[in-house]
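Below is one structure; the comments refer to it alone.
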Amino acid sequence: MALKTRFCAKCGKETNKLIDSFCAECYFKEKGIKIPKKVSVQVCQHCGAIKWQGIWTKTDLPAEHYLTHILMSKIKLPEQIELEDIKLLKLGKKGEIELIISILGKKFKQKQKIDLEIRKGVCKDCSRQLAKTHKVKIQLRTEKNTEELIQEALEFSNKYRSNIIKVEEMKKGIDIYLSNREAGKHLAYDLRKKFHCKITETREQYGWDKSKNRPKTRITFLLKQS
Ligand SMILES: [Zn+2]
Ligand SMILES: [Zn+2]
């Protein structure tokens with residue numbers, strides 16, 4: 001029995017396999033594959049854990065693996081098209097991926113620009129660990145608009161981010177933990193000026209520095225906006 005052949009609506013090629021009245025090549029040229037503009041994944045900069053579906057997950061797999069996974073789930077294809085592989089060619093805002101797809105048994109490659117973001121963060125475990133080693137803690141409190149204060153304080157503190165190990169949003173403000181005493185003091189006094197706060201400083205001894213033969217202390221600055 002001879003197979004019934006038909007003609008591609010675009011190039012006129014005779015074939016027995018058509019999708020939407022196009023041959024595989026023309027279908028691919030016409031439609032391409034729609035992909036999201038951006039995919040991002042958050043990685044703990046200390047232990048490599050990945051925030052996966054809202055939960056920090058310990059993993060040995062690289063962030064790229066998760067990006068590919070997310071892409072796979074976000075790319076929607078018509079039934080006759082199979083996604084065989086995704087290669088991440090370049091990460092970042094001007095990232096690029098290559099899709100390998102098969103349409104009616106024929107393979108096609110499609111390169112596509114995409115924003116592939118690997119965001120750095122700190123997972124819950126590491127943040128707990130790091131908070132123990134802090135040198136300065138800044139407690140900024142307000143009686144006014146807490147959300148606004150938090151937003152502004154975070155933006156303002158951004159230039160100290162290399163020394164910030166943890167930030168915790170509180171009911172009436174924010175706690176900022178820093179690894180470096182000088183940076184911590186600067187930020188505390190900068191914040192005081194910016195938000196017109198009263199400042200109180202408390203020192204706490206938490207160990208003994210054998211090399212310098214003196215107590216190890218950490219400072220807490222309480223900043224109250226009235
Ligand atoms: Zn065709
Ligand atoms: Zn971690």
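Every chain in the structure tokens takes a letter, A first, then B, and so on in the order presented; its residues are numbered from 1, and the ligands are numbered from 1 following the presented order.
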Item to complete: Select from region 10-226 of chain A everything DSSP, run on the backbone, classes as strand (DSSP E), then give the selection as a PyMOL selection string.
Response: chain A and resi 14-15+38-44+50-52+55-57+81-90+92-103+106-121+136-142+164-170+173-178+197-209+214-225
Practice prompt. Write out as a list in words each polymer residue (protein, DNA or RNA) that has an atom no more than 8 Å from ligand 2, with only C-alpha atoms and all ligand atoms counted.
Written response: Cys44, Gln45, His46, Cys47, Gly48, Ala49, Lys58, Val122, Cys123, Lys124, Asp125, Cys126 and Ser127 of chain A
Shell of 9 Å around Ile176 (chain A), only C-alpha atoms, local chain residues under 4 positions omitted, as a PDB file with N, CA and C atoms, in the first residue's frame:
ATOM      1  N   VAL A 136      30.023  42.484  64.281  1.00  0.00           N
ATOM      2  CA  VAL A 136      29.124  43.605  64.559  1.00  0.00           C
ATOM      3  C   VAL A 136      27.698  43.224  64.181  1.00  0.00           C
ATOM      4  N   LYS A 137      26.797  43.616  65.070  1.00  0.00           N
ATOM      5  CA  LYS A 137      25.392  43.431  64.736  1.00  0.00           C
ATOM      6  C   LYS A 137      24.721  44.794  64.848  1.00  0.00           C
ATOM      7  N   ILE A 138      23.992  45.165  63.810  1.00  0.00           N
ATOM      8  CA  ILE A 138      23.286  46.443  63.843  1.00  0.00           C
ATOM      9  C   ILE A 138      21.786  46.172  63.906  1.00  0.00           C
ATOM     10  N   GLN A 139      21.157  46.690  64.931  1.00  0.00           N
ATOM     11  CA  GLN A 139      19.702  46.560  65.036  1.00  0.00           C
ATOM     12  C   GLN A 139      19.094  47.923  64.759  1.00  0.00           C
ATOM     13  N   LEU A 140      18.449  48.016  63.621  1.00  0.00           N
ATOM     14  CA  LEU A 140      17.820  49.277  63.241  1.00  0.00           C
ATOM     15  C   LEU A 140      16.322  49.145  63.488  1.00  0.00           C
ATOM     16  N   ILE A 164      28.871  42.092  54.817  1.00  0.00           N
ATOM     17  CA  ILE A 164      27.598  41.716  55.442  1.00  0.00           C
ATOM     18  C   ILE A 164      27.412  40.210  55.326  1.00  0.00           C
ATOM     19  N   ILE A 165      27.198  39.552  56.460  1.00  0.00           N
ATOM     20  CA  ILE A 165      27.054  38.101  56.387  1.00  0.00           C
ATOM     21  C   ILE A 165      25.605  37.652  56.526  1.00  0.00           C
ATOM     22  N   LYS A 166      24.796  38.521  57.063  1.00  0.00           N
ATOM     23  CA  LYS A 166      23.417  38.108  57.215  1.00  0.00           C
ATOM     24  C   LYS A 166      22.538  39.328  57.452  1.00  0.00           C
ATOM     25  N   VAL A 167      21.343  39.280  56.918  1.00  0.00           N
ATOM     26  CA  VAL A 167      20.381  40.348  57.153  1.00  0.00           C
ATOM     27  C   VAL A 167      19.078  39.691  57.565  1.00  0.00           C
ATOM     28  N   GLU A 168      18.498  40.200  58.619  1.00  0.00           N
ATOM     29  CA  GLU A 168      17.257  39.595  59.085  1.00  0.00           C
ATOM     30  C   GLU A 168      16.192  40.667  59.234  1.00  0.00           C
ATOM     31  N   GLU A 169      15.072  40.455  58.587  1.00  0.00           N
ATOM     32  CA  GLU A 169      13.993  41.416  58.726  1.00  0.00           C
ATOM     33  C   GLU A 169      13.222  41.137  60.003  1.00  0.00           C
ATOM     34  N   GLY A 184      31.505  47.591  60.089  1.00  0.00           N
ATOM     35  CA  GLY A 184      30.300  47.583  60.905  1.00  0.00           C
ATOM     36  C   GLY A 184      30.057  48.917  61.586  1.00  0.00           C
TER      37      GLY A 184
END
Please report as CSV every residue of chain A lying within 7 Å of ligand 1, along with the nearest atom pair and their distance in Å (one decimal), using only C-alpha atoms and all ligand atoms.
residue,atom,partner,partner_atom_place_in_ligand_line,distance
A:Cys8,CA,ligand 1,1 (Zn),4.6
A:Ala9,CA,ligand 1,1 (Zn),6.5
A:Lys10,CA,ligand 1,1 (Zn),5.0
A:Cys11,CA,ligand 1,1 (Zn),4.0
A:Gly12,CA,ligand 1,1 (Zn),5.9
A:Lys13,CA,ligand 1,1 (Zn),5.6
A:Phe22,CA,ligand 1,1 (Zn),5.3
A:Cys23,CA,ligand 1,1 (Zn),4.2
A:Ala24,CA,ligand 1,1 (Zn),6.8
A:Glu25,CA,ligand 1,1 (Zn),5.9
A:Cys26,CA,ligand 1,1 (Zn),4.3
Worksheet entry | Between CA of Tyr160 (chain A) and CA of Leu91 (chain A) - distance in Å to one decimal | 26.2 Å
Practice prompt. Please provide as a count of residues only all residues within 12 Å of Lys94 (chain A), with the sequence filter that same-chain residues fewer than 4 positions apart are discarded (counting only C-alpha atoms).
Written response: 11
Discussion item. Quick check, in Å to one decimal: how far apart do CA of Lys212 (chain A) and CA of Asn163 (chain A) lie?
Written reply: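 One can read the CA of Lys212 (chain A) to CA of Asn163 (chain A) distance as 22.3 Å.
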Residues of chain A classed as helix (DSSP H, G or I) by DSSP on the backbone are to be reported as a PDB file with C-alpha atoms, in the first residue's frame.
ATOM      1  CA  ALA A  24       9.464  19.575   9.246  1.00  0.00           C
ATOM      2  CA  GLU A  25      11.996  22.131   7.929  1.00  0.00           C
ATOM      3  CA  CYS A  26       9.400  24.757   7.172  1.00  0.00           C
ATOM      4  CA  TYR A  27       7.585  24.175  10.410  1.00  0.00           C
ATOM      5  CA  PHE A  28      10.813  24.776  12.287  1.00  0.00           C
ATOM      6  CA  LYS A  29      11.606  27.905  10.238  1.00  0.00           C
ATOM      7  CA  GLU A  30       8.095  29.259  10.654  1.00  0.00           C
ATOM      8  CA  LYS A  31       7.469  28.603  14.293  1.00  0.00           C
ATOM      9  CA  ALA A  63      23.686  25.407  39.272  1.00  0.00           C
ATOM     10  CA  GLU A  64      23.752  24.844  35.500  1.00  0.00           C
ATOM     11  CA  HIS A  65      22.061  21.502  36.027  1.00  0.00           C
ATOM     12  CA  TYR A  66      19.145  23.215  37.744  1.00  0.00           C
ATOM     13  CA  LEU A  67      18.926  25.945  35.130  1.00  0.00           C
ATOM     14  CA  THR A  68      18.619  23.258  32.463  1.00  0.00           C
ATOM     15  CA  HIS A  69      15.964  21.538  34.517  1.00  0.00           C
ATOM     16  CA  ILE A  70      13.916  24.711  34.874  1.00  0.00           C
ATOM     17  CA  LEU A  71      14.248  25.412  31.153  1.00  0.00           C
ATOM     18  CA  MET A  72      13.076  21.893  30.321  1.00  0.00           C
ATOM     19  CA  SER A  73       9.964  22.414  32.370  1.00  0.00           C
ATOM     20  CA  LYS A  74       9.244  25.869  30.951  1.00  0.00           C
ATOM     21  CA  LYS A 124      19.624  29.028  56.112  1.00  0.00           C
ATOM     22  CA  ASP A 125      22.266  26.697  57.577  1.00  0.00           C
ATOM     23  CA  CYS A 126      25.171  28.852  56.483  1.00  0.00           C
ATOM     24  CA  SER A 127      23.430  31.979  57.631  1.00  0.00           C
ATOM     25  CA  ARG A 128      23.005  30.453  61.090  1.00  0.00           C
ATOM     26  CA  GLN A 129      26.691  29.428  61.141  1.00  0.00           C
ATOM     27  CA  LEU A 130      27.856  32.810  59.896  1.00  0.00           C
ATOM     28  CA  ALA A 131      25.812  34.747  62.402  1.00  0.00           C
ATOM     29  CA  LYS A 132      27.864  33.070  65.139  1.00  0.00           C
ATOM     30  CA  THR A 146       8.940  49.531  58.757  1.00  0.00           C
ATOM     31  CA  GLU A 147       8.769  48.261  55.188  1.00  0.00           C
ATOM     32  CA  GLU A 148      10.045  51.504  53.767  1.00  0.00           C
ATOM     33  CA  LEU A 149      12.842  51.650  56.306  1.00  0.00           C
ATOM     34  CA  ILE A 150      13.948  48.109  55.510  1.00  0.00           C
ATOM     35  CA  GLN A 151      13.981  48.811  51.790  1.00  0.00           C
ATOM     36  CA  GLU A 152      15.969  52.001  52.167  1.00  0.00           C
ATOM     37  CA  ALA A 153      18.346  50.494  54.704  1.00  0.00           C
ATOM     38  CA  LEU A 154      19.091  47.559  52.417  1.00  0.00           C
ATOM     39  CA  GLU A 155      19.828  49.812  49.482  1.00  0.00           C
ATOM     40  CA  PHE A 156      21.914  52.065  51.665  1.00  0.00           C
ATOM     41  CA  SER A 157      23.914  49.130  53.070  1.00  0.00           C
ATOM     42  CA  ASN A 158      24.653  47.712  49.664  1.00  0.00           C
ATOM     43  CA  LYS A 159      28.117  49.241  49.473  1.00  0.00           C
ATOM     44  CA  TYR A 160      29.086  47.235  52.562  1.00  0.00           C
ATOM     45  CA  ARG A 161      27.839  43.985  51.130  1.00  0.00           C
ATOM     46  CA  SER A 162      31.231  42.285  51.038  1.00  0.00           C
ATOM     47  CA  ASN A 163      31.243  42.517  54.842  1.00  0.00           C
ATOM     48  CA  ARG A 181      34.425  45.646  62.902  1.00  0.00           C
ATOM     49  CA  GLU A 182      35.486  48.782  61.024  1.00  0.00           C
ATOM     50  CA  ALA A 183      32.938  48.315  58.283  1.00  0.00           C
ATOM     51  CA  GLY A 184      30.300  47.583  60.905  1.00  0.00           C
ATOM     52  CA  LYS A 185      31.025  50.777  62.814  1.00  0.00           C
ATOM     53  CA  HIS A 186      30.956  52.835  59.641  1.00  0.00           C
ATOM     54  CA  LEU A 187      27.672  51.411  58.553  1.00  0.00           C
ATOM     55  CA  ALA A 188      26.131  51.910  61.999  1.00  0.00           C
ATOM     56  CA  TYR A 189      27.085  55.587  62.056  1.00  0.00           C
ATOM     57  CA  ASP A 190      26.074  56.098  58.434  1.00  0.00           C
ATOM     58  CA  LEU A 191      22.679  54.603  59.168  1.00  0.00           C
ATOM     59  CA  ARG A 192      22.305  56.740  62.249  1.00  0.00           C
ATOM     60  CA  LYS A 193      22.881  59.860  60.182  1.00  0.00           C
ATOM     61  CA  LYS A 194      20.640  58.780  57.344  1.00  0.00           C
ATOM     62  CA  PHE A 195      17.696  57.730  59.489  1.00  0.00           C
TER      63      PHE A 195
END
